[in-house]
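protein-v4.txt, holding compact mmCIF, C-alpha atoms:
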```txt
# COMPACT_ATOMS: atom_id res chain seq x y z
CA MET H 501 96.70 88.89 1.08
CA GLY H 502 97.05 85.16 1.66
CA GLU H 503 95.71 82.30 -0.40
CA ILE H 504 94.39 78.84 0.41
CA THR H 505 94.47 76.23 -2.35
CA LEU H 506 92.29 73.19 -1.74
CA VAL H 507 92.91 70.07 -3.84
CA ARG H 508 90.74 66.99 -3.84
CA HIS H 509 92.52 63.63 -3.88
CA GLY H 510 92.85 61.61 -7.08
CA GLN H 511 90.38 58.94 -8.11
CA ALA H 512 90.13 56.32 -5.37
CA ASN H 513 88.80 52.76 -5.40
CA SER H 514 85.31 53.50 -6.71
CA ALA H 515 84.29 49.84 -6.50
CA ALA H 516 84.64 49.89 -2.70
CA THR H 517 81.83 49.23 -0.25
CA THR H 518 83.68 50.25 2.94
CA GLU H 519 85.83 53.15 4.10
CA ALA H 520 88.95 50.95 4.24
CA GLU H 521 88.46 49.58 0.71
CA TYR H 522 87.92 53.06 -0.73
CA ASP H 523 91.03 54.58 0.83
CA ARG H 524 93.60 54.07 -1.91
CA LEU H 525 94.17 55.69 -5.28
CA SER H 526 93.39 53.90 -8.50
CA GLU H 527 96.00 53.81 -11.23
CA LEU H 528 94.23 56.76 -12.85
CA GLY H 529 94.14 58.56 -9.51
CA HIS H 530 97.93 58.37 -9.26
CA ARG H 531 98.25 59.68 -12.80
CA GLN H 532 95.82 62.55 -12.21
CA ALA H 533 97.89 63.70 -9.25
CA GLN H 534 101.14 63.39 -11.18
CA TRP H 535 99.70 65.52 -13.97
CA LEU H 536 98.58 68.16 -11.47
CA GLY H 537 102.03 68.18 -9.87
CA GLU H 538 103.62 68.71 -13.27
CA TRP H 539 101.19 71.56 -14.00
CA MET H 540 101.89 73.20 -10.63
CA ARG H 541 105.65 73.09 -11.14
CA ALA H 542 105.28 74.67 -14.58
CA HIS H 543 102.60 77.28 -13.84
CA ASP H 544 102.01 77.79 -10.11
CA ARG H 545 103.95 79.72 -7.48
CA ALA H 546 105.65 78.11 -4.50
CA TYR H 547 103.64 77.37 -1.36
CA ASP H 548 104.66 78.46 2.13
CA VAL H 549 102.72 75.66 3.83
CA VAL H 550 101.72 72.25 2.42
CA LEU H 551 99.65 69.67 4.24
CA SER H 552 97.05 66.96 3.78
CA GLY H 553 94.77 64.81 5.84
CA THR H 554 96.00 61.52 7.23
CA LEU H 555 94.00 59.28 4.88
CA ARG H 556 95.97 57.10 2.47
CA ARG H 557 94.36 58.50 -0.69
CA GLN H 558 95.16 62.06 0.43
CA ARG H 559 98.78 61.20 1.28
CA GLU H 560 99.25 59.35 -2.02
CA THR H 561 97.92 62.37 -3.87
CA LEU H 562 100.29 64.68 -2.02
CA THR H 563 103.25 62.42 -2.80
CA ASN H 564 102.36 62.41 -6.49
CA LEU H 565 102.15 66.20 -6.41
CA GLY H 566 105.77 66.21 -5.23
CA TYR H 567 105.36 66.75 -1.47
CA PRO H 568 105.99 63.35 0.16
CA ASP H 569 107.18 64.83 3.46
CA ALA H 570 104.46 67.44 3.99
CA ASP H 571 102.63 67.71 7.29
CA ARG H 572 99.43 65.84 8.12
CA ASP H 573 96.32 67.26 9.74
CA ALA H 574 93.41 64.93 10.52
CA ARG H 575 90.98 67.85 10.33
CA LEU H 576 91.29 67.51 6.54
CA ASN H 577 90.06 63.90 6.62
CA GLU H 578 86.86 63.12 4.74
CA ILE H 579 83.45 62.40 6.24
CA ALA H 580 83.15 58.66 6.95
CA TYR H 581 80.35 58.46 4.41
CA TYR H 582 80.19 54.69 4.00
CA ASP H 583 79.59 54.38 7.75
CA LEU H 584 76.89 57.07 7.66
CA SER H 585 75.26 55.37 4.69
CA ASP H 586 75.17 52.07 6.60
CA GLU H 587 73.54 53.92 9.50
CA MET H 588 70.90 55.35 7.15
CA THR H 589 70.04 51.85 6.00
CA ARG H 590 69.90 50.55 9.58
CA VAL H 591 67.68 53.39 10.81
CA HIS H 592 65.45 54.04 7.78
CA GLY H 593 65.58 50.71 5.93
CA SER H 594 67.18 49.74 2.66
CA GLY H 595 64.38 51.21 0.57
CA ALA H 596 64.25 54.63 2.17
CA HIS H 597 67.21 56.14 0.34
CA ASP H 598 69.09 54.56 -2.54
CA PRO H 599 72.86 54.99 -1.96
CA THR H 600 73.44 54.91 -5.72
CA ASP H 601 71.25 58.02 -6.09
CA PHE H 602 73.86 60.30 -4.57
CA VAL H 603 72.00 63.48 -5.55
CA THR H 604 69.25 62.73 -3.02
CA HIS H 605 71.09 60.34 -0.69
CA PHE H 606 73.90 62.75 0.23
CA PRO H 607 71.78 65.68 1.50
CA ALA H 608 69.33 63.28 3.18
CA THR H 609 72.19 61.56 5.00
CA LEU H 610 73.80 64.82 6.13
CA THR H 611 70.44 66.14 7.32
CA ALA H 612 69.80 62.96 9.34
CA TRP H 613 73.34 63.24 10.74
CA ARG H 614 72.83 66.87 11.75
CA GLN H 615 69.51 66.06 13.40
CA GLY H 616 71.03 63.18 15.38
CA GLU H 617 68.96 60.46 13.68
CA ILE H 618 72.16 58.65 12.72
CA GLY H 619 75.59 58.62 14.32
CA GLY H 620 79.11 57.88 13.26
CA ALA H 621 82.73 58.30 14.25
CA GLU H 622 81.98 61.97 14.98
CA SER H 623 78.96 64.21 15.29
CA TYR H 624 77.86 66.58 12.55
CA ALA H 625 78.81 69.51 14.79
CA ALA H 626 82.29 68.08 15.32
CA PHE H 627 82.69 67.73 11.55
CA THR H 628 81.69 71.30 10.77
CA ASP H 629 83.77 72.64 13.66
CA ARG H 630 86.95 70.91 12.50
CA VAL H 631 86.50 72.20 8.95
CA ARG H 632 86.16 75.75 10.26
CA ASP H 633 89.17 75.22 12.53
CA VAL H 634 91.50 73.97 9.81
CA MET H 635 90.40 76.69 7.41
CA ALA H 636 91.05 79.33 10.08
CA MET H 637 94.53 77.85 10.58
CA ALA H 638 95.17 77.91 6.82
CA ALA H 639 94.06 81.54 6.50
CA GLN H 640 97.54 82.98 7.06
CA PRO H 641 97.94 86.59 5.85
CA GLY H 642 100.58 86.91 3.16
CA LYS H 643 101.13 83.14 2.82
CA ARG H 644 100.10 80.53 0.27
CA VAL H 645 98.79 77.35 1.86
CA LEU H 646 98.11 74.11 -0.03
CA CYS H 647 95.70 71.60 1.53
CA VAL H 648 95.05 68.20 -0.06
CA SER H 649 91.72 66.92 1.21
CA SER H 650 88.43 65.41 0.00
CA GLY H 651 85.19 66.50 -1.62
CA GLY H 652 83.10 66.72 1.54
CA ILE H 653 85.66 68.89 3.30
CA ILE H 654 86.07 71.18 0.31
CA ALA H 655 82.29 71.51 -0.10
CA GLN H 656 81.84 72.32 3.59
CA ALA H 657 84.63 74.91 3.52
CA ILE H 658 83.09 76.62 0.51
CA SER H 659 79.62 76.43 2.07
CA ASP H 660 80.90 78.19 5.18
CA ILE H 661 82.30 81.00 3.03
CA LEU H 662 79.09 81.37 0.99
CA GLY H 663 76.61 80.67 3.80
CA LEU H 664 75.04 77.61 2.15
CA ASP H 665 72.73 75.09 3.80
CA ILE H 666 72.97 71.29 3.40
CA PRO H 667 70.99 70.93 0.13
CA GLN H 668 73.08 73.67 -1.46
CA MET H 669 76.28 72.25 0.02
CA ALA H 670 75.39 68.91 -1.60
CA ARG H 671 75.16 70.63 -4.98
CA VAL H 672 78.63 72.03 -4.42
CA ALA H 673 79.99 68.60 -3.46
CA LEU H 674 78.49 66.55 -6.30
CA PRO H 675 80.46 68.01 -9.26
CA ILE H 676 83.87 68.22 -7.53
CA PHE H 677 86.41 66.49 -9.76
CA ASN H 678 89.25 64.32 -8.51
CA THR H 679 92.44 66.44 -8.24
CA SER H 680 90.41 69.61 -8.79
CA VAL H 681 91.82 72.94 -7.57
CA HIS H 682 89.86 75.48 -5.51
CA ARG H 683 91.34 78.83 -4.47
CA ILE H 684 90.38 81.11 -1.62
CA HIS H 685 91.84 84.56 -1.01
CA VAL H 686 92.49 85.57 2.59
CA THR H 687 91.56 89.24 3.04
CA ASP H 688 90.92 91.70 5.85
CA HIS H 689 87.21 91.24 5.13
CA GLY H 690 87.32 87.46 5.41
CA PRO H 691 87.86 84.60 2.96
CA LEU H 692 86.77 85.05 -0.66
CA LEU H 693 86.22 82.14 -3.04
CA VAL H 694 87.98 83.07 -6.29
CA SER H 695 87.98 79.77 -8.21
CA PHE H 696 86.12 76.46 -7.96
CA ASN H 697 86.73 72.99 -9.42
CA GLY H 698 89.61 73.91 -11.71
CA THR H 699 91.30 71.10 -13.65
CA PRO H 700 93.96 72.87 -15.73
CA HIS H 701 96.02 69.66 -15.90
CA LEU H 702 93.09 67.78 -17.49
CA ASP H 703 91.70 70.43 -19.83
CA SER H 704 93.44 69.26 -23.00
CA ALA H 705 91.53 67.19 -25.56
CA ASP H 706 93.63 64.08 -24.95
CA ARG H 707 92.78 64.10 -21.22
CA ALA H 708 89.09 65.02 -21.42
CA ASP H 709 88.09 61.45 -20.54
CA ARG H 710 90.44 61.41 -17.54
CA LYS H 711 88.16 63.65 -15.45
CA THR H 712 86.37 61.71 -12.73
CA PHE H 713 84.07 62.46 -9.81
CA TYR H 714 84.60 59.21 -7.83
```
This structure in C-alpha cells:
Amino acid sequence: MGEITLVRHGQANSAATTEAEYDRLSELGHRQAQWLGEWMRAHDRAYDVVLSGTLRRQRETLTNLGYPDADRDARLNEIAYYDLSDEMTRVHGSGAHDPTDFVTHFPATLTAWRQGEIGGAESYAAFTDRVRDVMAMAAQPGKRVLCVSSGGIIAQAISDILGLDIPQMARVALPIFNTSVHRIHVTDHGPLLVSFNGTPHLDSADRADRKTFY
C-alpha cells in the first residue's frame, strides 16, 4: 500500500490583493513550516518522493520542511483565485458577491467558473483535470509521496476521492489550516482518505494561537 501526504503551504501574505502579492510566506508561515519539519523528522517516516508546486509560498514551505532541492510540479499550483474574484466583480458587479464573505463567495465563484461565466488563466475543466493527473502520478503502490500544495488543490483532491460537488468541496476547503497534513492511502480499491487537516506540530497549548487559515 502506498501513501500520499498532502501539506498546505504556511501562512502567506494575507494582506495581499493580487496573486503576486500573496505569493510569499509571512514570518509566521516560515515558522509553521519549520515546526512541521521538526515534527516530521521526529515522528514521521522517510518519503520516497517529495515535490511541490512552483509557487514561491509552496517552495518556501518545502525548504522550511527540509527539502530545498525537491522536484517541482506546476499541477500542484493553486487556483488563481484573486484573478477569478476580479472576474466575478467585472461580470456580476461589486455588490453581487462580497469577496470577504468567503463562505458564499468561494462556491459561487467556482460555480461561475465551471459554467463558463468567468474565465481565468485556465478553465475549470483544466484545473480539475490537472489535480486528478497529479494525484494519479502520486498514487505509487508501496511508496510514500509528499506533496506541498495549497488549499484549493487539497480540497479538490479530497472531493474527487469522496465524490463531492462544489458547495461541499468549498466546505472542505474553508477550514484547511496552513501547514496542515492530509493523508491518503493508495490501495487496490482506489485512494482512501485516512486523515484530514492534521496539525500535530501546532497542537500544544503554547502554539494554539499559531494556527491560521489564510
Rounded to one decimal place, report the atom CA of Gly620 of chain H-atom CA of Tyr581 of chain H distance in Å.
-> 9.0 Å
For atom CA of Gly566 of chain H and atom CA of Arg683 of chain H, quote the distance in Å rounded to one decimal.
->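 Computing it gives 19.2 Å between the two atoms.
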Name the residues, using the chain letters and numbers of the file, that sit within 10 Å of (92.7, 81.8, 0.7) when counting all atoms listed in the file, and give them as a list in words.
->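 So the residues meeting the distance criterion are Met501, Gly502, Glu503, Ile504, Thr505, Leu506, Met635, Ala636, Ala638, Ala639, Gln640, Pro641, Gly642, Lys643, Arg644, Val645, Leu646, His682, Arg683, Ile684, His685, Val686, Thr687, Gly690, Pro691, Leu692, Leu693 and Val694 of chain H.
Taking atom CA of Met637 of chain H and atom CA of His509 of chain H as the two end points, the separation is 20.4 Å.
Closest to Thr611 of chain H among H:Val631, H:Met540, H:Met669, H:Ala520 is H:Met669, based on all atoms listed in the file.
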Could you check which of H:Thr699, H:Gln668, H:Thr628, H:Ser649 is closest to Arg559 of chain H, using all atoms listed in the file?
-> H:Ser649
Nearest to Gln615 of chain H: which of H:Asp586, H:Tyr522, H:Tyr567, H:Ile666 is it, counting all atoms listed in the file?
->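 Between H:Asp586, H:Tyr522, H:Tyr567, H:Ile666, the residue approaching Gln615 of chain H most closely is H:Ile666.
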Between H:Gln534, H:Ser680, H:Thr712, H:Gln511, which is the closest to Asn697 of chain H once you count only C-alpha atoms?
->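 Checking each candidate against Asn697 of chain H, we get H:Ser680 as the closest.
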